[in-house]
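The structure appears below as structure tokens.
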Amino acid sequence: MNAEADALAAVKDADRKHVFHSWSAQELIDPLAVAGAEGSYFWDYQGHRYLDFSSALVYTNIGYQHPKVTAAIQEQAARLCTVAPGFAVDVRSEAARLIAERTPGDLDKIFFTNAGAEAVENAVRMARLHTGRPKVLSAYRSYHGATSTAINLTGDARRFGNDSATAGVVHFWGPFAYRSPFYAADPAEECERALRHLEDTIVFEGPQSIAAIILETVGGAPGVLVHPDGYLAGVRALCDRHGIVFVLDEIMVGFGRTGRWFASEHWDVVPDLICFAKGVTSGYVPLGGVAISPAIAQTFARTPYPGGLTYSGHVLACAAAVATINVMEEEGVVEQSARTGAELLGPGLRALAERHPSIGEVRGLGTFWALELVRDRATREPLVPYNASGADNGPMAEFGAACKKGGLWPLTAGNRLHVAPPCNISPEDVAKGLEILDAALSVADAHTL
């Protein structure tokens, strides 16, 4: 065996013996062994290169191994690797300042966590303590994380195995014009009816018992659900009317993903709390957090906040955040993401829809898109059933395999392809990815009626 084969065998053997993978039946998976990555690509030990249209898990916003960010992490490690969260540290303060400067409105205080789910946990805790109320409302089509409160807030099927039914969570239907739960004729009617449904839910749950409403600014895991114009502003108005804290989950869509620093900027809506993670460091070192409004921060000005994390604002993570944000500014990554969506990905994906009957809808912003894959465009029957597995998920599994065979790593969820390459992907790589998708979609087309 050559050196690459030996290395591959060792990695796979250790993985099989000792690594317990998330969301998986352990004996039924065979993870790809990754040998390296750079820019918009990663590769295995056999030399197969993959154009990453998933940005790992939608977080390598500046691609893999950006030299300025890796250097900043190395420099910070040489100077100060770690220090307890109770100290004031230059790099932590700078990371907080840079983030606060980019949040909408006056959300100027930053509570650091290790990742997105912990950001959601703490945002909900802050809202409950600020209001003295127990309930939190969230949408059925949502994903907010896998920790205790976050998974109960989640609406998608990953909640099923974890739902305790005691978390004080009430789910409601958000707008989704393509599969409207409100039988709306157009996005404007969908918005109006969705807001009426939410208001009814608030009234019948008792507004005096509701601490917060949490929404993904653009629904990520549920399928890149872009809210119709007026919806987020309408939710903001309902929260103001009833004294409810409005929480926006920007974990997946913050830091350039939709072509703005934060997706809420598309609709000029300022929440009370923003949860962030992922793109803030491009995933190089785990970091998340909550951006906090003055009113909620004031609640804890002289009353201790009963929460904390051993690694809150870890200095290596904060160094990665500072470097990432500075790179995004210097290289115009946010603006590039917007242009890529408007000029390349959006038009390119819509052109694919004209050629492939398996594409029911194209939707997205910036470098965050989804193809809704269907068996029948007329009835909008999904290509695979909801929460499909095994043979039922066969068409999507075949489509994903065709993408990989062509050299593109896809992000599939349910009956959807999510298209989320690095925000700084080159036009040439966008064109290459669309070409691979064009070929792979013939596999999905074979399952249409």
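Just remember, in the structure tokens the first chain shown is A, the second B, etc., residues are 1-based per chain, and ligands are 1-based in the order shown.
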Excluding range 41-43 of chain A and residues on its chain fewer than 5 positions from it, collect all residues at most 10 Å away from it, counting only C-alpha atoms, and give them as a ChimeraX atom specification.
/A:32-36,48-53,55-56,63-64,407-409,421-422,425,429
Fewer than 3 positions away in the same chain doesn't count, so skip those; otherwise give me all residues within 8 Å of range 88-105 of chain A, counting only C-alpha atoms, as a list in words.
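In the requested form, the answer reads Pro85, Asp108, Lys109, Ile110, Trp261, Phe262, Ser264, Glu265, Val269, Val270, Ala291, Gly313, His314, Val315, Cys318, Ala319, Ala321, Val322 and Ile325 of chain A.
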Could those residues be written to a file, using all heavy atoms, as a short mmCIF file (atom, residue, chain, number, x, y, z; two decimals), in the first residue's frame?
data_model
loop_
_atom_site.label_atom_id
_atom_site.label_comp_id
_atom_site.auth_asym_id
_atom_site.auth_seq_id
_atom_site.Cartn_x
_atom_site.Cartn_y
_atom_site.Cartn_z
N PRO A 85 -13.45 33.47 30.86
CA PRO A 85 -14.34 34.45 30.25
C PRO A 85 -14.61 35.69 31.11
O PRO A 85 -15.10 36.69 30.59
CB PRO A 85 -15.64 33.67 30.03
CG PRO A 85 -15.58 32.52 30.97
CD PRO A 85 -14.14 32.18 31.09
N ASP A 108 -26.05 46.36 20.78
CA ASP A 108 -24.64 46.67 20.98
C ASP A 108 -23.92 45.79 22.00
O ASP A 108 -22.71 45.90 22.16
CB ASP A 108 -24.48 48.13 21.40
CG ASP A 108 -24.81 49.09 20.27
OD1 ASP A 108 -24.65 48.69 19.10
OD2 ASP A 108 -25.23 50.22 20.54
N LYS A 109 -24.66 44.95 22.72
CA LYS A 109 -24.03 44.05 23.68
C LYS A 109 -23.98 42.65 23.08
O LYS A 109 -24.96 42.18 22.50
CB LYS A 109 -24.82 44.02 24.99
CG LYS A 109 -24.80 45.31 25.78
CD LYS A 109 -23.48 45.46 26.54
CE LYS A 109 -23.55 46.64 27.51
NZ LYS A 109 -22.30 46.79 28.27
N ILE A 110 -22.84 41.96 23.26
CA ILE A 110 -22.65 40.63 22.69
C ILE A 110 -22.35 39.63 23.80
O ILE A 110 -21.38 39.81 24.56
CB ILE A 110 -21.51 40.61 21.67
CG1 ILE A 110 -21.70 41.70 20.59
CG2 ILE A 110 -21.38 39.23 21.04
CD1 ILE A 110 -22.94 41.56 19.76
N TRP A 261 -24.82 41.79 5.79
CA TRP A 261 -24.17 41.29 7.00
C TRP A 261 -25.14 40.42 7.80
O TRP A 261 -24.79 39.33 8.26
CB TRP A 261 -23.64 42.44 7.85
CG TRP A 261 -22.33 42.97 7.34
CD1 TRP A 261 -22.12 44.10 6.61
CD2 TRP A 261 -21.03 42.36 7.49
NE1 TRP A 261 -20.79 44.24 6.30
CE2 TRP A 261 -20.09 43.19 6.83
CE3 TRP A 261 -20.57 41.20 8.11
CZ2 TRP A 261 -18.74 42.90 6.77
CZ3 TRP A 261 -19.21 40.90 8.06
CH2 TRP A 261 -18.31 41.75 7.41
N PHE A 262 -26.36 40.91 7.95
CA PHE A 262 -27.43 40.13 8.58
C PHE A 262 -28.65 40.18 7.66
O PHE A 262 -28.97 41.22 7.09
CB PHE A 262 -27.76 40.66 9.97
CG PHE A 262 -26.69 40.37 10.98
CD1 PHE A 262 -25.66 41.28 11.21
CD2 PHE A 262 -26.69 39.19 11.70
CE1 PHE A 262 -24.65 41.01 12.12
CE2 PHE A 262 -25.68 38.90 12.61
CZ PHE A 262 -24.66 39.81 12.83
N SER A 264 -31.74 40.26 8.19
CA SER A 264 -32.83 41.17 8.58
C SER A 264 -32.72 42.51 7.89
O SER A 264 -33.71 43.24 7.76
CB SER A 264 -32.84 41.36 10.09
OG SER A 264 -31.59 41.82 10.56
N GLU A 265 -31.51 42.86 7.41
CA GLU A 265 -31.33 44.13 6.70
C GLU A 265 -32.14 44.19 5.41
O GLU A 265 -32.48 45.28 4.94
CB GLU A 265 -29.86 44.35 6.38
CG GLU A 265 -28.96 44.50 7.59
CD GLU A 265 -27.50 44.60 7.19
OE1 GLU A 265 -27.16 45.49 6.39
OE2 GLU A 265 -26.70 43.76 7.64
N VAL A 269 -35.75 45.31 9.49
CA VAL A 269 -36.38 44.90 10.75
C VAL A 269 -35.30 44.72 11.81
O VAL A 269 -34.28 44.09 11.56
CB VAL A 269 -37.17 43.60 10.58
CG1 VAL A 269 -37.67 43.07 11.92
CG2 VAL A 269 -38.36 43.83 9.64
N VAL A 270 -35.55 45.29 12.99
CA VAL A 270 -34.60 45.17 14.10
C VAL A 270 -35.26 44.34 15.20
O VAL A 270 -36.26 44.76 15.79
CB VAL A 270 -34.21 46.55 14.66
CG1 VAL A 270 -33.23 46.39 15.83
CG2 VAL A 270 -33.58 47.40 13.57
N ALA A 291 -26.65 38.86 20.17
CA ALA A 291 -26.60 40.32 20.17
C ALA A 291 -27.84 40.83 20.87
O ALA A 291 -28.96 40.42 20.55
CB ALA A 291 -26.52 40.85 18.74
N GLY A 313 -16.52 33.32 24.57
CA GLY A 313 -15.56 34.27 24.01
C GLY A 313 -14.15 33.75 24.01
O GLY A 313 -13.20 34.52 24.26
N HIS A 314 -13.96 32.47 23.72
CA HIS A 314 -12.62 31.90 23.69
C HIS A 314 -11.72 32.73 22.77
O HIS A 314 -12.11 33.09 21.66
CB HIS A 314 -12.66 30.45 23.21
CG HIS A 314 -11.40 29.69 23.46
ND1 HIS A 314 -10.26 29.87 22.70
CD2 HIS A 314 -11.08 28.76 24.40
CE1 HIS A 314 -9.31 29.08 23.15
NE2 HIS A 314 -9.78 28.39 24.19
N VAL A 315 -10.52 33.02 23.24
CA VAL A 315 -9.70 33.99 22.51
C VAL A 315 -9.29 33.51 21.12
O VAL A 315 -9.16 34.32 20.19
CB VAL A 315 -8.46 34.42 23.33
CG1 VAL A 315 -8.88 35.20 24.56
CG2 VAL A 315 -7.59 33.22 23.70
N CYS A 318 -12.30 34.19 19.04
CA CYS A 318 -12.46 35.63 18.81
C CYS A 318 -11.43 36.15 17.82
O CYS A 318 -11.74 37.03 17.00
CB CYS A 318 -12.38 36.37 20.14
SG CYS A 318 -13.84 36.15 21.19
N ALA A 319 -10.22 35.61 17.88
CA ALA A 319 -9.21 36.00 16.88
C ALA A 319 -9.66 35.61 15.49
O ALA A 319 -9.47 36.37 14.51
CB ALA A 319 -7.88 35.35 17.22
N ALA A 321 -12.77 35.33 14.55
CA ALA A 321 -13.88 36.23 14.20
C ALA A 321 -13.37 37.58 13.71
O ALA A 321 -13.83 38.11 12.69
CB ALA A 321 -14.82 36.41 15.40
N VAL A 322 -12.42 38.14 14.43
CA VAL A 322 -11.85 39.43 14.03
C VAL A 322 -11.25 39.34 12.64
O VAL A 322 -11.50 40.19 11.76
CB VAL A 322 -10.80 39.91 15.06
CG1 VAL A 322 -10.04 41.12 14.52
CG2 VAL A 322 -11.47 40.24 16.38
N ILE A 325 -14.08 38.81 9.88
CA ILE A 325 -14.84 40.03 9.59
C ILE A 325 -13.97 41.03 8.81
O ILE A 325 -14.42 41.65 7.84
CB ILE A 325 -15.38 40.65 10.89
CG1 ILE A 325 -16.45 39.73 11.49
CG2 ILE A 325 -15.97 42.04 10.64
CD1 ILE A 325 -16.87 40.11 12.90
#
Determine which residues of range 113-280 of chain A receive a DSSP assignment of strand (DSSP E), computed from the backbone, and state them as an mmCIF file with N, CA, C and O atoms, in the first residue's frame.
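File part.cif, as written:
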data_model
loop_
_atom_site.group_PDB
_atom_site.id
_atom_site.type_symbol
_atom_site.label_atom_id
_atom_site.label_comp_id
_atom_site.auth_asym_id
_atom_site.auth_seq_id
_atom_site.Cartn_x
_atom_site.Cartn_y
_atom_site.Cartn_z
ATOM 1 N N THR A 113 -21.125 32.571 22.922
ATOM 2 C CA THR A 113 -21.322 31.153 23.194
ATOM 3 C C THR A 113 -20.340 30.365 22.336
ATOM 4 O O THR A 113 -19.544 30.937 21.587
ATOM 5 N N LYS A 135 -43.641 30.988 27.940
ATOM 6 C CA LYS A 135 -43.810 30.363 26.631
ATOM 7 C C LYS A 135 -42.948 31.015 25.554
ATOM 8 O O LYS A 135 -42.683 32.218 25.603
ATOM 9 N N VAL A 136 -42.580 30.183 24.569
ATOM 10 C CA VAL A 136 -41.873 30.675 23.385
ATOM 11 C C VAL A 136 -42.551 30.085 22.156
ATOM 12 O O VAL A 136 -42.831 28.883 22.101
ATOM 13 N N LEU A 137 -42.811 30.921 21.161
ATOM 14 C CA LEU A 137 -43.436 30.486 19.916
ATOM 15 C C LEU A 137 -42.377 30.350 18.829
ATOM 16 O O LEU A 137 -41.498 31.215 18.698
ATOM 17 N N SER A 138 -42.477 29.267 18.057
ATOM 18 C CA SER A 138 -41.572 29.064 16.929
ATOM 19 C C SER A 138 -42.326 28.367 15.809
ATOM 20 O O SER A 138 -43.378 27.763 16.024
ATOM 21 N N ALA A 139 -41.766 28.443 14.611
ATOM 22 C CA ALA A 139 -42.455 27.926 13.428
ATOM 23 C C ALA A 139 -42.246 26.423 13.281
ATOM 24 O O ALA A 139 -41.230 25.869 13.682
ATOM 25 N N VAL A 169 -42.927 25.353 24.649
ATOM 26 C CA VAL A 169 -42.849 25.750 23.252
ATOM 27 C C VAL A 169 -44.197 25.544 22.577
ATOM 28 O O VAL A 169 -44.836 24.505 22.742
ATOM 29 N N VAL A 170 -44.613 26.526 21.791
ATOM 30 C CA VAL A 170 -45.811 26.424 20.965
ATOM 31 C C VAL A 170 -45.396 26.684 19.520
ATOM 32 O O VAL A 170 -44.754 27.695 19.234
ATOM 33 N N HIS A 171 -45.756 25.768 18.628
ATOM 34 C CA HIS A 171 -45.403 25.936 17.223
ATOM 35 C C HIS A 171 -46.559 26.539 16.436
ATOM 36 O O HIS A 171 -47.730 26.349 16.771
ATOM 37 N N PHE A 172 -46.214 27.264 15.375
ATOM 38 C CA PHE A 172 -47.215 27.860 14.501
ATOM 39 C C PHE A 172 -46.737 27.717 13.061
ATOM 40 O O PHE A 172 -45.575 27.396 12.804
ATOM 41 N N ILE A 210 -46.480 34.715 26.979
ATOM 42 C CA ILE A 210 -45.510 34.483 25.904
ATOM 43 C C ILE A 210 -44.298 35.389 26.084
ATOM 44 O O ILE A 210 -44.401 36.616 26.052
ATOM 45 N N ALA A 211 -43.147 34.771 26.271
ATOM 46 C CA ALA A 211 -41.900 35.521 26.443
ATOM 47 C C ALA A 211 -41.328 35.971 25.114
ATOM 48 O O ALA A 211 -40.845 37.099 24.986
ATOM 49 N N ALA A 212 -41.348 35.074 24.110
ATOM 50 C CA ALA A 212 -40.625 35.365 22.868
ATOM 51 C C ALA A 212 -41.248 34.655 21.685
ATOM 52 O O ALA A 212 -41.906 33.614 21.826
ATOM 53 N N ILE A 213 -41.041 35.239 20.543
ATOM 54 C CA ILE A 213 -41.241 34.569 19.251
ATOM 55 C C ILE A 213 -39.872 34.492 18.598
ATOM 56 O O ILE A 213 -39.175 35.501 18.482
ATOM 57 N N ILE A 214 -39.471 33.282 18.182
ATOM 58 C CA ILE A 214 -38.188 33.111 17.515
ATOM 59 C C ILE A 214 -38.425 32.642 16.091
ATOM 60 O O ILE A 214 -39.243 31.752 15.845
ATOM 61 N N LEU A 215 -37.746 33.279 15.154
ATOM 62 C CA LEU A 215 -37.842 32.944 13.738
ATOM 63 C C LEU A 215 -36.452 32.921 13.121
ATOM 64 O O LEU A 215 -35.600 33.735 13.480
ATOM 65 N N GLU A 216 -36.231 32.007 12.179
ATOM 66 C CA GLU A 216 -35.076 32.134 11.304
ATOM 67 C C GLU A 216 -35.383 33.264 10.321
ATOM 68 O O GLU A 216 -36.449 33.271 9.704
ATOM 69 N N VAL A 218 -34.210 33.911 7.410
ATOM 70 C CA VAL A 218 -34.521 33.115 6.222
ATOM 71 C C VAL A 218 -34.430 31.670 6.674
ATOM 72 O O VAL A 218 -33.409 31.251 7.218
ATOM 73 N N GLY A 219 -35.490 30.916 6.485
ATOM 74 C CA GLY A 219 -35.498 29.534 6.980
ATOM 75 C C GLY A 219 -34.431 28.704 6.308
ATOM 76 O O GLY A 219 -34.446 28.531 5.075
ATOM 77 N N LEU A 225 -36.331 29.307 3.075
ATOM 78 C CA LEU A 225 -37.648 29.934 3.003
ATOM 79 C C LEU A 225 -37.487 31.433 3.205
ATOM 80 O O LEU A 225 -37.209 31.900 4.309
ATOM 81 N N VAL A 226 -37.655 32.180 2.122
ATOM 82 C CA VAL A 226 -37.535 33.630 2.161
ATOM 83 C C VAL A 226 -38.919 34.198 2.483
ATOM 84 O O VAL A 226 -39.865 34.013 1.722
ATOM 85 N N VAL A 245 -40.729 39.457 23.304
ATOM 86 C CA VAL A 245 -39.372 39.613 22.774
ATOM 87 C C VAL A 245 -39.291 38.950 21.404
ATOM 88 O O VAL A 245 -39.702 37.801 21.225
ATOM 89 N N PHE A 246 -38.772 39.683 20.422
ATOM 90 C CA PHE A 246 -38.619 39.169 19.061
ATOM 91 C C PHE A 246 -37.174 38.724 18.870
ATOM 92 O O PHE A 246 -36.244 39.536 18.944
ATOM 93 N N VAL A 247 -36.997 37.415 18.639
ATOM 94 C CA VAL A 247 -35.675 36.823 18.463
ATOM 95 C C VAL A 247 -35.522 36.378 17.014
ATOM 96 O O VAL A 247 -36.362 35.635 16.500
ATOM 97 N N LEU A 248 -34.465 36.824 16.357
ATOM 98 C CA LEU A 248 -34.148 36.342 15.020
ATOM 99 C C LEU A 248 -32.936 35.415 15.081
ATOM 100 O O LEU A 248 -31.895 35.769 15.646
ATOM 101 N N ASP A 249 -33.108 34.234 14.531
ATOM 102 C CA ASP A 249 -32.037 33.247 14.428
ATOM 103 C C ASP A 249 -31.320 33.486 13.105
ATOM 104 O O ASP A 249 -31.834 33.155 12.037
ATOM 105 N N LEU A 273 -33.275 40.436 19.989
ATOM 106 C CA LEU A 273 -32.108 39.574 20.153
ATOM 107 C C LEU A 273 -31.796 38.924 18.804
ATOM 108 O O LEU A 273 -32.712 38.540 18.072
ATOM 109 N N ILE A 274 -30.515 38.811 18.496
ATOM 110 C CA ILE A 274 -30.081 38.069 17.306
ATOM 111 C C ILE A 274 -29.147 36.954 17.765
ATOM 112 O O ILE A 274 -28.186 37.187 18.508
ATOM 113 N N CYS A 275 -29.436 35.732 17.299
ATOM 114 C CA CYS A 275 -28.537 34.602 17.525
ATOM 115 C C CYS A 275 -27.640 34.452 16.298
ATOM 116 O O CYS A 275 -28.124 34.481 15.165
ATOM 117 N N PHE A 276 -26.339 34.295 16.536
ATOM 118 C CA PHE A 276 -25.405 34.140 15.425
ATOM 119 C C PHE A 276 -24.404 33.043 15.742
ATOM 120 O O PHE A 276 -24.232 32.636 16.903
#
Taking only C-alpha atoms into account, which of A:Glu38, A:Glu4, A:Asp229, A:Asp392 comes nearest Pro175 in chain A?
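Under the stated criterion, the closest residue is A:Asp229.
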Take CA of Pro286 in chain A and CA of Ala14 in chain A and report the distance between them in Å, one decimal.
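Between CA of Pro286 in chain A and CA of Ala14 in chain A the gap works out to 23.5 Å.
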Under the rule that only C-alpha atoms are counted, which of A:Asp200, A:Glu428, A:Glu250, A:Glu27 is the nearest residue to Leu238 in chain A?
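Closest candidate: A:Asp200.
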I'd like the neighbourhood of Leu417 in chain A as a PyMOL selection string, where a residue qualifies if any of its atoms comes within 9 Å (using only C-alpha atoms), though same-chain residues fewer than 2 positions away should be ignored.
chain A and resi 223+369-373+396+400+410-415+419
Those same residues - N, CA, C and O atoms - I'd like them written as a CSV table (one decimal), in the first residue's frame.
chain,number,residue,atom,x,y,z
A,223,GLY,N,-35.5,24.7,4.1
A,223,GLY,CA,-35.5,24.9,2.6
A,223,GLY,C,-35.3,26.2,2.1
A,223,GLY,O,-35.9,26.6,1.0
A,369,TRP,N,-29.5,29.3,-1.6
A,369,TRP,CA,-30.6,29.0,-2.5
A,369,TRP,C,-31.1,27.6,-2.3
A,369,TRP,O,-30.4,26.8,-1.7
A,370,ALA,N,-32.2,27.3,-2.8
A,370,ALA,CA,-32.8,25.9,-2.7
A,370,ALA,C,-33.5,25.6,-4.0
A,370,ALA,O,-34.2,26.5,-4.6
A,371,LEU,N,-33.4,24.4,-4.4
A,371,LEU,CA,-34.3,23.8,-5.5
A,371,LEU,C,-35.3,22.9,-4.8
A,371,LEU,O,-34.9,21.9,-4.1
A,372,GLU,N,-36.5,23.1,-5.0
A,372,GLU,CA,-37.6,22.3,-4.5
A,372,GLU,C,-37.8,21.2,-5.6
A,372,GLU,O,-38.3,21.5,-6.7
A,373,LEU,N,-37.5,20.0,-5.3
A,373,LEU,CA,-37.5,18.9,-6.3
A,373,LEU,C,-38.8,18.1,-6.1
A,373,LEU,O,-39.2,17.7,-5.0
A,396,MET,N,-33.7,10.9,-4.0
A,396,MET,CA,-32.7,12.0,-3.5
A,396,MET,C,-31.3,11.4,-3.3
A,396,MET,O,-30.3,12.1,-3.6
A,400,GLY,N,-28.0,12.8,-5.2
A,400,GLY,CA,-26.8,13.2,-4.4
A,400,GLY,C,-25.6,12.5,-4.9
A,400,GLY,O,-24.5,13.1,-5.0
A,410,PRO,N,-23.0,18.1,-2.6
A,410,PRO,CA,-24.3,18.8,-2.4
A,410,PRO,C,-24.7,18.8,-1.0
A,410,PRO,O,-24.3,18.0,-0.1
A,411,LEU,N,-25.7,19.6,-0.7
A,411,LEU,CA,-26.4,19.7,0.6
A,411,LEU,C,-27.8,19.4,0.3
A,411,LEU,O,-28.6,20.2,-0.2
A,412,THR,N,-28.3,18.2,0.6
A,412,THR,CA,-29.7,17.8,0.4
A,412,THR,C,-30.4,17.6,1.7
A,412,THR,O,-29.8,17.2,2.7
A,413,ALA,N,-31.7,18.0,1.7
A,413,ALA,CA,-32.5,17.9,2.9
A,413,ALA,C,-33.9,17.6,2.5
A,413,ALA,O,-34.5,18.5,1.7
A,414,GLY,N,-34.5,16.5,2.8
A,414,GLY,CA,-35.8,16.2,2.4
A,414,GLY,C,-35.8,16.1,0.9
A,414,GLY,O,-35.0,15.4,0.3
A,415,ASN,N,-36.8,16.8,0.2
A,415,ASN,CA,-36.9,16.8,-1.2
A,415,ASN,C,-36.2,17.9,-1.9
A,415,ASN,O,-36.4,18.3,-3.0
A,419,VAL,N,-28.3,25.1,-2.1
A,419,VAL,CA,-27.1,25.6,-2.8
A,419,VAL,C,-26.5,26.7,-2.0
A,419,VAL,O,-27.0,27.8,-2.0
I'd like to know which of A:Ala167, A:Leu365, A:Ala184, A:Ala71 is closest to Arg339 in chain A, using only C-alpha atoms.
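Closest to Arg339 in chain A, using only C-alpha atoms: A:Leu365.
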Separation of CA of Arg380 in chain A from CA of Gly230 in chain A in Å:
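Pair CA of Gly230 in chain A / CA of Arg380 in chain A returns 25.7 Å.
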Test item: residues at most 12 Å from Phe176 in chain A, only C-alpha atoms, excluding those fewer than 2 positions along its chain, as a PyMOL selection string
chain A and resi 139-142+173-174+178-194+218-219+222-228+231+361+363
Mind checking DSSP for range 259-402 of chain A and telling me the helix (DSSP H, G or I) residues as a VMD selection string?
chain A and resid 263 to 267 278 to 280 294 to 299 315 to 330 333 to 355 390 to 402
Distance of CA of Ser312 in chain A from CA of Phe160 in chain A, expressed in Å to one decimal place
29.8 Å
May I have the residues within 12 Å of Gly332 in chain A as JSON, numbers by chain, using only C-alpha atoms and disregarding those fewer than 2 positions away in the same chain?
{"A": [62, 255, 256, 259, 260, 261, 324, 325, 326, 327, 328, 329, 330, 334, 335, 336, 337, 338, 339, 423, 424]}
Closest of A:Thr70, A:Leu383, A:Ile202, A:Ala123 to His242 in chain A - atom-to-atom distances counting only C-alpha atoms:
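Ranked by minimum distance to His242 in chain A, first place goes to A:Ile202.
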Report as a PyMOL selection string all protein, DNA and RNA residues lying within 12 Å of Arg158 in chain A, evaluated on only C-alpha atoms, omitting residues in the same chain fewer than 6 positions from it.
chain A and resi 22-24+140-147+150-152+221-222+386-387+413-414
Kindly indicate which residue among A:Glu398, A:Asp106, A:Glu199, A:Asp13 lies nearest to Asp445 in chain A, using only C-alpha atoms for the distances.
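That would be A:Glu398, the residue with the smallest distance to Asp445 in chain A.
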